[in-house]
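Enquirer: Just one file: query.csv, with CSV, C-alpha atoms and all ligand atoms.
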```csv
chain,number,residue,atom,x,y,z
D,1,MET,CA,0.0,0.0,0.0
D,2,MET,CA,1.2,3.5,-0.8
D,3,MET,CA,2.2,5.5,2.3
D,4,LYS,CA,0.8,9.0,2.6
D,5,GLN,CA,3.7,11.2,1.6
D,6,LYS,CA,4.7,14.3,3.6
D,7,THR,CA,7.2,17.0,2.9
D,8,ALA,CA,8.9,19.6,5.1
D,9,PHE,CA,10.9,22.5,3.8
D,10,ILE,CA,13.2,23.5,6.6
D,11,THR,CA,15.7,26.4,6.7
D,12,ILE,CA,18.7,26.3,9.0
D,13,LEU,CA,19.4,29.7,10.4
D,14,GLY,CA,21.9,31.3,12.8
D,15,ARG,CA,24.9,33.5,13.2
D,16,PRO,CA,28.2,32.4,11.7
D,17,ASN,CA,30.1,29.4,13.1
D,18,VAL,CA,27.4,28.0,15.4
D,19,GLY,CA,27.4,24.7,13.5
D,20,LYS,CA,24.6,25.0,10.9
D,21,SER,CA,26.5,23.1,8.2
D,22,SER,CA,27.7,20.5,10.6
D,23,LEU,CA,24.1,20.0,11.7
D,24,MET,CA,22.8,19.5,8.2
D,25,ASN,CA,25.6,17.0,7.4
D,26,ARG,CA,24.7,15.1,10.5
D,27,LEU,CA,21.0,15.0,9.7
D,28,LEU,CA,21.8,13.8,6.2
D,29,ASN,CA,24.5,11.4,7.5
D,30,GLN,CA,26.7,12.6,4.7
D,31,LYS,CA,29.1,15.5,4.2
D,32,ILE,CA,27.4,17.9,1.8
D,33,ALA,CA,28.3,21.3,3.2
D,34,ILE,CA,31.9,22.3,4.1
D,35,VAL,CA,32.7,23.1,7.7
D,36,SER,CA,35.5,25.1,9.3
D,37,ASN,CA,36.2,27.0,12.4
D,38,LYS,CA,36.2,30.3,10.5
D,39,PRO,CA,33.0,32.4,10.4
D,40,GLN,CA,31.3,32.8,7.0
D,41,THR,CA,32.3,29.4,5.7
D,42,THR,CA,29.0,28.9,3.9
D,43,ARG,CA,28.5,31.4,1.1
D,44,THR,CA,25.4,30.2,-0.7
D,45,ARG,CA,22.2,28.4,0.2
D,46,ILE,CA,22.8,24.7,0.1
D,47,MET,CA,20.0,22.2,-0.2
D,48,GLY,CA,20.1,18.8,1.5
D,49,VAL,CA,17.4,16.2,1.2
D,50,LEU,CA,16.6,13.5,3.7
D,51,THR,CA,13.8,11.0,2.9
D,52,LYS,CA,12.7,9.1,6.0
D,53,GLU,CA,9.9,6.7,5.3
D,54,GLU,CA,6.8,8.8,4.3
D,55,THR,CA,8.5,12.1,5.2
D,56,GLN,CA,10.9,14.0,2.9
D,57,PHE,CA,12.8,16.8,4.7
D,58,VAL,CA,14.3,19.4,2.4
D,59,PHE,CA,16.9,21.4,4.3
D,60,MET,CA,18.4,24.7,3.3
D,61,ASP,CA,21.7,25.4,5.0
D,62,THR,CA,22.3,29.1,4.8
D,63,PRO,CA,25.3,31.5,5.3
D,64,GLY,CA,25.7,32.8,8.9
D,65,PHE,CA,23.7,35.9,9.5
D,66,HIS,CA,26.0,38.9,9.9
D,67,ARG,CA,26.4,42.5,8.9
D,68,PRO,CA,27.8,42.5,5.4
D,69,HIS,CA,31.0,44.3,4.5
D,70,ASN,CA,31.1,43.8,0.8
D,71,LYS,CA,28.9,42.7,-2.2
D,72,LEU,CA,29.6,39.0,-1.5
D,73,GLY,CA,28.4,39.5,2.1
D,74,GLU,CA,25.2,41.2,0.8
D,75,ASN,CA,24.6,38.3,-1.5
D,76,MET,CA,25.0,35.9,1.4
D,77,ILE,CA,22.4,37.8,3.5
D,78,ARG,CA,20.1,37.7,0.5
D,79,ALA,CA,20.6,34.0,0.4
D,80,VAL,CA,19.6,33.8,4.1
D,81,LYS,CA,16.5,35.9,3.4
D,82,SER,CA,15.4,34.0,0.3
D,83,GLY,CA,15.9,30.8,2.3
D,84,MET,CA,13.2,32.0,4.7
D,85,GLU,CA,10.5,32.3,2.0
D,86,ASP,CA,7.9,29.5,1.7
D,87,VAL,CA,9.4,27.2,4.3
D,88,ASP,CA,7.4,25.0,6.7
D,89,GLY,CA,9.8,25.6,9.5
D,90,ALA,CA,13.2,26.7,10.7
D,91,LEU,CA,16.0,25.4,12.9
D,92,PHE,CA,17.4,28.4,14.8
D,93,VAL,CA,20.9,27.2,15.7
D,94,VAL,CA,22.8,28.7,18.6
D,95,ASP,CA,26.2,27.9,20.2
D,96,ALA,CA,25.9,26.4,23.7
D,97,ALA,CA,29.6,26.0,24.1
D,98,PRO,CA,31.0,27.6,27.3
D,99,GLU,CA,33.5,29.7,25.4
D,100,PHE,CA,30.7,31.5,23.7
D,101,GLN,CA,30.4,34.6,25.9
D,102,PHE,CA,26.7,34.4,26.6
D,103,HIS,CA,25.0,37.3,28.4
D,104,GLU,CA,21.4,36.6,29.4
D,105,ASN,CA,20.0,40.0,28.6
D,106,ASN,CA,22.3,40.8,25.7
D,107,LEU,CA,22.0,38.2,22.9
D,108,PRO,CA,24.3,38.9,19.9
D,109,SER,CA,22.6,41.6,17.8
D,110,ASN,CA,22.6,39.4,14.6
D,111,GLU,CA,20.7,36.7,16.5
D,112,VAL,CA,18.1,39.2,17.7
D,113,ALA,CA,17.7,40.6,14.2
D,114,LEU,CA,17.2,37.1,12.8
D,115,LEU,CA,14.6,36.2,15.5
D,116,GLU,CA,12.7,39.4,14.6
D,117,GLN,CA,12.6,38.2,11.0
D,118,ILE,CA,11.5,34.7,12.0
D,119,ASN,CA,8.7,36.3,14.0
D,120,ALA,CA,7.7,38.8,11.3
D,121,LYS,CA,7.4,36.0,8.8
D,122,LYS,CA,5.6,33.7,11.3
D,123,ILE,CA,8.0,30.8,10.6
D,124,PRO,CA,7.6,28.0,13.2
D,125,ALA,CA,11.0,27.5,14.6
D,126,ILE,CA,12.9,25.0,16.7
D,127,LEU,CA,15.6,26.3,19.0
D,128,VAL,CA,18.7,24.1,18.5
D,129,LEU,CA,21.4,24.5,21.2
D,130,ASN,CA,24.4,23.0,19.5
D,131,LYS,CA,27.8,21.8,20.8
D,132,ILE,CA,26.6,20.4,24.1
D,133,ASP,CA,29.5,17.9,23.9
D,134,LEU,CA,31.6,20.9,25.1
D,135,LEU,CA,29.4,21.4,28.2
D,136,LYS,CA,30.4,20.0,31.6
D,137,ASN,CA,27.5,21.6,33.4
D,138,LYS,CA,24.2,21.3,31.5
D,139,GLU,CA,22.5,23.7,33.9
D,140,SER,CA,23.8,26.7,31.9
D,141,LEU,CA,21.5,25.5,29.1
D,142,LEU,CA,18.4,26.6,31.2
D,143,THR,CA,19.6,30.2,31.3
D,144,MET,CA,20.2,30.2,27.6
D,145,ILE,CA,16.9,28.7,26.8
D,146,SER,CA,14.9,31.2,28.9
D,147,ALA,CA,16.9,34.1,27.3
D,148,TYR,CA,16.1,33.0,23.8
D,149,CYS,CA,12.5,32.2,24.6
D,150,LYS,CA,12.0,35.8,25.5
D,151,TYR,CA,12.4,36.7,21.8
D,152,CYS,CA,10.4,33.9,20.1
D,153,SER,CA,7.9,31.3,21.1
D,154,PHE,CA,9.7,28.2,19.8
D,155,ALA,CA,7.8,25.1,18.6
D,156,ALA,CA,10.4,23.0,20.5
D,157,VAL,CA,13.8,23.3,22.2
D,158,VAL,CA,16.5,20.7,21.4
D,159,PRO,CA,20.0,20.7,22.9
D,160,LEU,CA,22.3,18.5,20.8
D,161,SER,CA,25.7,17.9,19.4
D,162,ALA,CA,26.1,18.0,15.7
D,163,LYS,CA,29.6,16.6,16.3
D,164,SER,CA,28.7,13.5,18.3
D,165,GLY,CA,25.1,13.0,17.1
D,166,ASP,CA,23.7,13.2,20.6
D,167,GLY,CA,20.2,14.6,20.5
D,168,ILE,CA,19.8,14.3,16.7
D,169,ASN,CA,17.0,11.7,17.0
D,170,ILE,CA,15.0,14.0,19.2
D,171,LEU,CA,15.3,16.7,16.6
D,172,LEU,CA,14.2,14.4,13.8
D,173,ASP,CA,11.1,13.6,15.8
D,174,GLU,CA,10.4,17.2,16.5
D,175,MET,CA,10.8,18.2,12.9
D,176,GLU,CA,7.9,15.9,11.9
D,177,GLN,CA,5.5,18.6,13.1
D,178,PHE,CA,6.7,20.8,10.1
D,179,ALA,CA,5.7,18.1,7.6
D,180,LYS,CA,2.7,18.7,5.4
D,181,PRO,CA,0.9,16.1,3.2
D,182,SER,CA,2.5,16.5,-0.2
D,183,VAL,CA,4.1,14.4,-2.8
D,184,HIS,CA,7.9,14.2,-2.5
D,185,PHE,CA,9.7,16.7,-4.7
D,186,PHE,CA,13.0,14.7,-5.0
D,187,ALA,CA,14.0,11.2,-5.7
D,188,GLU,CA,14.6,9.1,-2.6
D,189,ASP,CA,18.3,8.9,-3.2
D,190,GLN,CA,18.9,12.5,-4.0
D,191,VAL,CA,20.9,14.2,-1.2
D,192,THR,CA,21.7,17.7,-2.6
D,193,ASP,CA,21.2,20.1,-5.5
D,194,GLN,CA,24.9,20.9,-5.7
D,195,SER,CA,26.7,19.8,-8.8
D,196,GLY,CA,29.8,17.6,-8.7
D,197,GLN,CA,31.9,20.6,-9.8
D,198,THR,CA,30.6,22.8,-7.0
D,199,MET,CA,31.2,20.1,-4.4
D,200,VAL,CA,34.8,19.8,-5.6
D,201,SER,CA,35.6,23.5,-5.5
D,202,GLU,CA,34.0,23.7,-2.1
D,203,MET,CA,36.1,20.8,-0.8
D,204,ILE,CA,39.2,22.6,-2.0
D,205,ARG,CA,38.0,25.8,-0.3
D,206,GLU,CA,37.4,23.9,2.9
D,207,LYS,CA,41.1,22.9,3.0
D,208,LEU,CA,42.2,26.5,2.5
D,209,LEU,CA,39.9,27.7,5.2
D,210,ARG,CA,41.2,25.2,7.6
D,211,ARG,CA,44.9,25.9,6.8
D,212,LEU,CA,44.9,29.6,6.5
D,213,ASP,CA,44.6,32.3,9.1
D,214,ARG,CA,43.3,35.9,9.6
D,215,GLU,CA,41.9,37.7,6.6
D,216,VAL,CA,43.3,35.3,3.9
D,217,PRO,CA,40.6,32.7,3.9
D,218,HIS,CA,37.7,35.1,3.5
D,219,GLY,CA,39.1,36.5,0.3
D,220,ILE,CA,39.4,33.1,-1.4
D,221,ALA,CA,37.3,31.6,-4.2
D,222,VAL,CA,37.9,28.5,-6.2
D,223,GLY,CA,37.1,28.0,-9.8
D,224,LEU,CA,37.5,24.8,-11.9
D,225,GLU,CA,39.2,25.1,-15.3
D,226,ARG,CA,38.8,21.5,-16.2
D,227,PHE,CA,36.8,18.6,-14.7
D,228,PHE,CA,36.8,15.3,-16.7
D,229,GLU,CA,37.1,11.6,-16.4
D,230,ARG,CA,39.6,9.6,-18.4
D,231,ASP,CA,41.0,6.0,-18.1
D,232,ASN,CA,44.6,5.6,-17.2
D,233,ALA,CA,47.0,3.2,-18.9
D,234,ALA,CA,45.7,0.3,-16.8
D,235,GLY,CA,42.1,1.1,-17.9
D,236,GLU,CA,41.1,2.6,-14.5
D,237,PRO,CA,39.0,5.7,-14.5
D,238,ILE,CA,40.7,8.9,-13.2
D,239,LEU,CA,38.9,12.2,-12.4
D,240,ASN,CA,41.1,15.0,-13.6
D,241,VAL,CA,40.5,18.4,-11.9
D,242,ASP,CA,42.4,21.6,-12.7
D,243,ALA,CA,41.4,24.3,-10.2
D,244,VAL,CA,42.4,27.9,-9.7
D,245,ILE,CA,42.5,29.4,-6.3
D,246,TYR,CA,41.7,33.2,-6.4
D,247,CYS,CA,42.9,35.5,-3.6
D,248,GLU,CA,42.8,39.2,-3.2
D,249,LYS,CA,46.4,40.2,-2.7
D,250,GLU,CA,49.9,39.2,-3.9
D,251,SER,CA,50.9,38.7,-0.3
D,252,HIS,CA,48.0,36.2,0.2
D,253,LYS,CA,49.2,34.3,-2.8
D,254,GLY,CA,52.6,33.8,-1.2
D,255,ILE,CA,50.9,32.5,2.0
D,256,ILE,CA,48.7,30.1,0.1
D,257,ILE,CA,51.7,28.7,-1.9
D,258,GLY,CA,54.0,28.6,1.1
D,259,LYS,CA,57.7,28.0,1.3
D,260,GLY,CA,58.8,26.0,-1.7
D,261,GLY,CA,55.1,25.4,-2.5
D,262,ALA,CA,54.7,23.3,0.7
D,263,ALA,CA,51.4,24.8,1.8
D,264,LEU,CA,49.7,24.4,-1.6
D,265,LYS,CA,51.0,20.9,-1.9
D,266,GLN,CA,49.4,19.9,1.4
D,267,ILE,CA,46.1,21.6,0.5
D,268,GLY,CA,46.1,19.6,-2.7
D,269,ILE,CA,46.8,16.3,-0.9
D,270,ASP,CA,44.0,16.9,1.7
D,271,ALA,CA,41.5,18.0,-1.0
D,272,ARG,CA,42.3,15.1,-3.3
D,273,ARG,CA,41.7,12.7,-0.5
D,274,ASP,CA,38.2,14.1,0.1
D,275,ILE,CA,37.4,14.2,-3.5
D,276,GLU,CA,38.4,10.6,-4.0
D,277,LYS,CA,36.3,9.6,-1.0
D,278,PHE,CA,33.3,11.4,-2.3
D,279,PHE,CA,33.4,10.2,-5.9
D,280,GLY,CA,34.9,6.8,-5.1
D,281,ILE,CA,37.5,7.0,-7.9
D,282,GLN,CA,41.1,8.0,-8.3
D,283,VAL,CA,41.7,11.8,-8.7
D,284,SER,CA,44.4,13.9,-10.3
D,285,LEU,CA,44.2,17.4,-8.9
D,286,LYS,CA,46.2,20.4,-10.2
D,287,LEU,CA,46.0,23.7,-8.4
D,288,TRP,CA,47.0,27.2,-9.4
D,289,VAL,CA,46.8,30.5,-7.5
D,290,LYS,CA,45.9,33.8,-9.0
D,291,VAL,CA,45.2,37.3,-7.6
D,292,LYS,CA,41.9,39.1,-8.3
D,293,GLU,CA,41.9,42.3,-6.4
D,294,ASP,CA,38.8,43.1,-4.5
D,295,TRP,CA,36.8,40.4,-6.2
D,296,ARG,CA,34.3,40.4,-3.4
D,297,ASN,CA,33.0,43.7,-4.6
D,298,ARG,CA,33.0,42.9,-8.3
D,299,ASP,CA,29.7,41.5,-9.6
D,300,GLY,CA,31.1,39.9,-12.7
D,301,LEU,CA,33.7,37.9,-10.7
D,302,ILE,CA,31.2,37.1,-7.9
D,303,HIS,CA,28.9,35.7,-10.7
D,304,SER,CA,31.7,33.8,-12.4
D,305,PHE,CA,32.5,32.1,-9.0
D,306,GLY,CA,28.8,31.0,-8.7
D,307,LEU,CA,28.2,33.2,-5.7
D,308,ASP,CA,25.2,35.2,-6.8
D,309,ALA,CA,22.4,35.5,-4.4
D,310,THR,CA,20.3,32.4,-4.8
D,311,ASP,CA,16.8,33.7,-5.4
D,312,ILE,CA,14.0,31.2,-5.6
Q,1,LIG,N1,32.5,20.6,19.7
Q,1,LIG,C1,31.7,20.8,18.7
Q,1,LIG,N2,32.0,21.6,17.6
Q,1,LIG,C2,31.1,21.8,16.7
Q,1,LIG,C3,29.8,21.2,16.7
Q,1,LIG,N3,29.1,21.6,15.6
Q,1,LIG,C4,30.0,22.3,14.9
Q,1,LIG,N4,31.2,22.4,15.5
Q,1,LIG,C5,32.3,23.2,15.0
Q,1,LIG,O1,32.0,24.5,14.9
Q,1,LIG,C6,32.7,25.1,13.8
Q,1,LIG,C7,31.7,25.8,12.8
Q,1,LIG,O2,30.9,24.8,12.2
Q,1,LIG,P1,30.1,25.0,10.9
Q,1,LIG,O3,29.2,23.8,10.7
Q,1,LIG,O4,31.0,25.4,9.7
Q,1,LIG,O5,29.3,26.3,11.3
Q,1,LIG,P2,28.3,27.2,10.4
Q,1,LIG,O6,27.2,27.7,11.4
Q,1,LIG,O7,27.8,26.4,9.2
Q,1,LIG,O8,29.2,28.4,10.0
Q,1,LIG,P3,29.0,29.4,8.8
Q,1,LIG,O9,28.8,28.7,7.5
Q,1,LIG,O10,30.3,30.2,8.8
Q,1,LIG,O11,27.9,30.3,9.1
Q,1,LIG,C8,33.5,24.0,13.2
Q,1,LIG,O12,34.8,24.1,13.7
Q,1,LIG,C9,32.8,22.8,13.7
Q,1,LIG,O13,33.7,21.6,13.7
Q,1,LIG,C10,29.4,20.4,17.9
Q,1,LIG,O14,28.4,19.9,18.0
Q,1,LIG,N5,30.4,20.3,18.8
Q,2,MG,MG,28.0,26.8,7.2
```
Before anything else, please render the file you have as structure tokens.

Expert:
Amino acid sequence: MMMKQKTAFITILGRPNVGKSSLMNRLLNQKIAIVSNKPQTTRTRIMGVLTKEETQFVFMDTPGFHRPHNKLGENMIRAVKSGMEDVDGALFVVDAAPEFQFHENNLPSNEVALLEQINAKKIPAILVLNKIDLLKNKESLLTMISAYCKYCSFAAVVPLSAKSGDGINILLDEMEQFAKPSVHFFAEDQVTDQSGQTMVSEMIREKLLRRLDREVPHGIAVGLERFFERDNAAGEPILNVDAVIYCEKESHKGIIIGKGGAALKQIGIDARRDIEKFFGIQVSLKLWVKVKEDWRNRDGLIHSFGLDATDI
């Protein structure tokens, strides 16, 4: 007998670095969105699909909500806002780790602004307190919960750890309330709308974010020049990828390449390992570094890197 199908479109919102992408990856049980300890890792809206029996969850991982400093940042905020249109629910993710300086009557202003939008658009939201694996004393959660609940009447409150998976099943159960009777929009085995090429350039960017410090990683974009499969002499398929890493300054280029090319080599090794794991075939990866000054304020370049605002 056909099960009655249900669908829930759910946007994942929060300030930068709280673990939105980690949470989506954990929910999907697969790494779709890149993760780093640098704020503003996610730059576009990334879709992730989870089909659990009769319910299909369609997640939208969004860039961290912040005050933009350039055109790229403005596009990122537009991606957050367009991710709030026509959704059945939201996960409002906050950082419960003790090193996050939490003041009860003084929530970060970008969180307050986001909650105001959630309220104005009447989006039912679940408060997700992430990173509880870092908490020794769970009592601090109560203070946080009551502070956030002053700003929004949440449909549920779920403390969890995207890292360990603790609490994820509770969230999955709570999200069922967002599901509406509807046919499924995606095939059961589809996990994301990102192309293979986008996944590859993002995997390379992740390694750069993880390896680089200060302002360098924020000014990086990765473009693919070539992406094709060919058999080697032994008849085994090899995925060939030629990628260009764009940065904003000549001095940044030097940092990315490193002494004798050592830094770039390591980035290439790390990225290749991930790409091979993802596609399940051997990969040949070649990397170049080029400077494009102030590209984050140049529409043409933003467009060529696929970082336009993602309007529905
Ligand atoms: N200990 C711990 N760390 C976590 C957890 N979830 C995420 N992190 C870490 O938090 C950092 C940020 O994670 P992301 O998933 O990239 O955060 P994000 O909210 O998507 O960040 P932006 O895309 O920049 O807005 C990374 O270093 C993660 O490894 C968690 O449950 N526990
Ligand atoms: Mg992210």

Enquirer: For ligand LIG 1 (chain Q), take all atoms listed in the file, fit an axis-aligned box around them, add 5 Å to each of the six sides, then output centre and edge lengths in Å rounded to one decimal, as AutoDock Vina command-line options.

Expert:
```
--center_x 31.0 --center_y 25.1 --center_z 13.6 --size_x 17.6 --size_y 20.4 --size_z 22.2
```

Enquirer: List as an NGL selection string the protein and nucleic acid residues lying within 7 Å of ligand MG 2 (chain Q), with only C-alpha atoms and all ligand atoms counted.

Expert: :D and (17 or 19-21 or 33-35 or 40-42 or 61-64)

Enquirer: Do you know which residues are at most 6 Å from range 127-132 of chain D counting only C-alpha atoms, after dropping those on the same chain fewer than 5 positions away, and could you put them as a list in words?

Expert: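 Within the cut-off, the hits are Phe92, Val93, Val94, Asp95, Ala96, Ala97, Val157, Val158, Pro159, Leu160 and Ser161 of chain D.
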
Enquirer: So that I have them on file, write out the residues from the current selection with C-alpha atoms, as an mmCIF file, keeping the file's coordinate frame.

Expert:
```
data_model
loop_
_atom_site.group_PDB
_atom_site.id
_atom_site.type_symbol
_atom_site.label_atom_id
_atom_site.label_comp_id
_atom_site.auth_asym_id
_atom_site.auth_seq_id
_atom_site.Cartn_x
_atom_site.Cartn_y
_atom_site.Cartn_z
ATOM 1 C CA PHE D 92 17.400 28.400 14.800
ATOM 2 C CA VAL D 93 20.900 27.200 15.700
ATOM 3 C CA VAL D 94 22.800 28.700 18.600
ATOM 4 C CA ASP D 95 26.200 27.900 20.200
ATOM 5 C CA ALA D 96 25.900 26.400 23.700
ATOM 6 C CA ALA D 97 29.600 26.000 24.100
ATOM 7 C CA VAL D 157 13.800 23.300 22.200
ATOM 8 C CA VAL D 158 16.500 20.700 21.400
ATOM 9 C CA PRO D 159 20.000 20.700 22.900
ATOM 10 C CA LEU D 160 22.300 18.500 20.800
ATOM 11 C CA SER D 161 25.700 17.900 19.400
#
```

Enquirer: Quick one: residues within 12 Å of range 174-177 of chain D, all atoms listed in the file, excluding same-chain residues fewer than 5 positions away - as an MDAnalysis selection string?

Expert: chainID D and resid 6:12 27 50:59 88:91 124:128 154:158 167:169

Enquirer: With C-alpha atoms retained, write the just-selected residues as a PDB file, in the coordinates of the input.

Expert:
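out-v6.pdb was written with the following content:
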```pdb
ATOM      1  CA  LYS D   6       4.700  14.300   3.600  1.00  0.00           C
ATOM      2  CA  THR D   7       7.200  17.000   2.900  1.00  0.00           C
ATOM      3  CA  ALA D   8       8.900  19.600   5.100  1.00  0.00           C
ATOM      4  CA  PHE D   9      10.900  22.500   3.800  1.00  0.00           C
ATOM      5  CA  ILE D  10      13.200  23.500   6.600  1.00  0.00           C
ATOM      6  CA  THR D  11      15.700  26.400   6.700  1.00  0.00           C
ATOM      7  CA  ILE D  12      18.700  26.300   9.000  1.00  0.00           C
ATOM      8  CA  LEU D  27      21.000  15.000   9.700  1.00  0.00           C
ATOM      9  CA  LEU D  50      16.600  13.500   3.700  1.00  0.00           C
ATOM     10  CA  THR D  51      13.800  11.000   2.900  1.00  0.00           C
ATOM     11  CA  LYS D  52      12.700   9.100   6.000  1.00  0.00           C
ATOM     12  CA  GLU D  53       9.900   6.700   5.300  1.00  0.00           C
ATOM     13  CA  GLU D  54       6.800   8.800   4.300  1.00  0.00           C
ATOM     14  CA  THR D  55       8.500  12.100   5.200  1.00  0.00           C
ATOM     15  CA  GLN D  56      10.900  14.000   2.900  1.00  0.00           C
ATOM     16  CA  PHE D  57      12.800  16.800   4.700  1.00  0.00           C
ATOM     17  CA  VAL D  58      14.300  19.400   2.400  1.00  0.00           C
ATOM     18  CA  PHE D  59      16.900  21.400   4.300  1.00  0.00           C
ATOM     19  CA  ASP D  88       7.400  25.000   6.700  1.00  0.00           C
ATOM     20  CA  GLY D  89       9.800  25.600   9.500  1.00  0.00           C
ATOM     21  CA  ALA D  90      13.200  26.700  10.700  1.00  0.00           C
ATOM     22  CA  LEU D  91      16.000  25.400  12.900  1.00  0.00           C
ATOM     23  CA  PRO D 124       7.600  28.000  13.200  1.00  0.00           C
ATOM     24  CA  ALA D 125      11.000  27.500  14.600  1.00  0.00           C
ATOM     25  CA  ILE D 126      12.900  25.000  16.700  1.00  0.00           C
ATOM     26  CA  LEU D 127      15.600  26.300  19.000  1.00  0.00           C
ATOM     27  CA  VAL D 128      18.700  24.100  18.500  1.00  0.00           C
ATOM     28  CA  PHE D 154       9.700  28.200  19.800  1.00  0.00           C
ATOM     29  CA  ALA D 155       7.800  25.100  18.600  1.00  0.00           C
ATOM     30  CA  ALA D 156      10.400  23.000  20.500  1.00  0.00           C
ATOM     31  CA  VAL D 157      13.800  23.300  22.200  1.00  0.00           C
ATOM     32  CA  VAL D 158      16.500  20.700  21.400  1.00  0.00           C
ATOM     33  CA  GLY D 167      20.200  14.600  20.500  1.00  0.00           C
ATOM     34  CA  ILE D 168      19.800  14.300  16.700  1.00  0.00           C
ATOM     35  CA  ASN D 169      17.000  11.700  17.000  1.00  0.00           C
TER      36      ASN D 169
END
```

Enquirer: Would you mind telling me which residue in D:Leu72, D:Ile256, D:Ala221, D:Cys247 lies nearest to Met203 in chain D when using all atoms listed in the file?

Expert: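 Using all atoms listed in the file, the shortest distance to Met203 in chain D belongs to D:Ala221.
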
Enquirer: Nearest to ligand LIG 1 (chain Q) among D:His218, D:Gln5, D:His184, D:His69, with distances taken over only C-alpha atoms and all ligand atoms: which residue is it?

Expert: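 Using only C-alpha atoms and all ligand atoms, the shortest distance to ligand LIG 1 (chain Q) belongs to D:His218.
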
Enquirer: Between D:Leu212, D:Glu99, D:Met24, D:Val200, which has the minimum distance to Phe278 in chain D (counting all atoms listed in the file)?

Expert: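 Ranked by minimum distance to Phe278 in chain D, first place goes to D:Val200.
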
Enquirer: Could you check which of D:Glu206, D:Glu104, D:Asp173, D:Glu74 is closest to ligand LIG 1 (chain Q), using only C-alpha atoms and all ligand atoms?

Expert: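 When distances to ligand LIG 1 (chain Q) are compared using only C-alpha atoms and all ligand atoms, the smallest one comes from D:Glu206.
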
Enquirer: Would you compute the distance between CA of Leu135 in chain D and atom O2 of ligand LIG 1 (chain Q)? Give it in Å to one decimal.

Expert: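 Taking CA of Leu135 in chain D as the start and atom O2 of ligand LIG 1 (chain Q) as the end point, the length is 16.4 Å.
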
Enquirer: Just the number, please: distance in Å from CA of Leu285 in chain D to CA of Arg226 in chain D, one decimal.

Expert: 10.0 Å

Enquirer: For CA of Ser284 in chain D and CA of Lys253 in chain D, determine how far apart the two atoms are, in Å to one decimal place.

Expert: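 So the answer is 22.3 Å.
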
Enquirer: For Ala243 in chain D, please output as a list in words all residues within 9 Å (counting only C-alpha atoms; exclusion window: fewer than 3 positions along the same chain).

Expert: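 Counting only C-alpha atoms, the residues come to Ser201, Ile204, Val222, Gly223, Leu224, Glu225, Arg226, Phe227, Leu285, Lys286, Leu287, Trp288 and Val289 of chain D.
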
Enquirer: Go through D:Tyr148, D:Phe65, D:Phe186, D:Tyr246 one by one, measure the shortest atom-to-atom distance of each to ligand LIG 1 (chain Q) using all atoms listed in the file, and give the residue with the smallest value.

Expert: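 Looking only at the distances to ligand LIG 1 (chain Q), the closest residue turns out to be D:Phe65.
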
Enquirer: Select, from D:Met3, D:Pro217, D:Ile123, D:Leu172, the residue with the minimum atom-to-atom distance to ligand LIG 1 (chain Q), counting only C-alpha atoms and all ligand atoms.

Expert: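 Looking only at the distances to ligand LIG 1 (chain Q), the closest residue turns out to be D:Pro217.
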
Enquirer: Using only C-alpha atoms, which protein or nucleic acid residues come within 9 Å of Val283 in chain D? Drop anything in the same chain fewer than 6 positions from it, and give the result as a PyMOL selection string.

Expert: chain D and resi 229+237-241+272-273+275-276
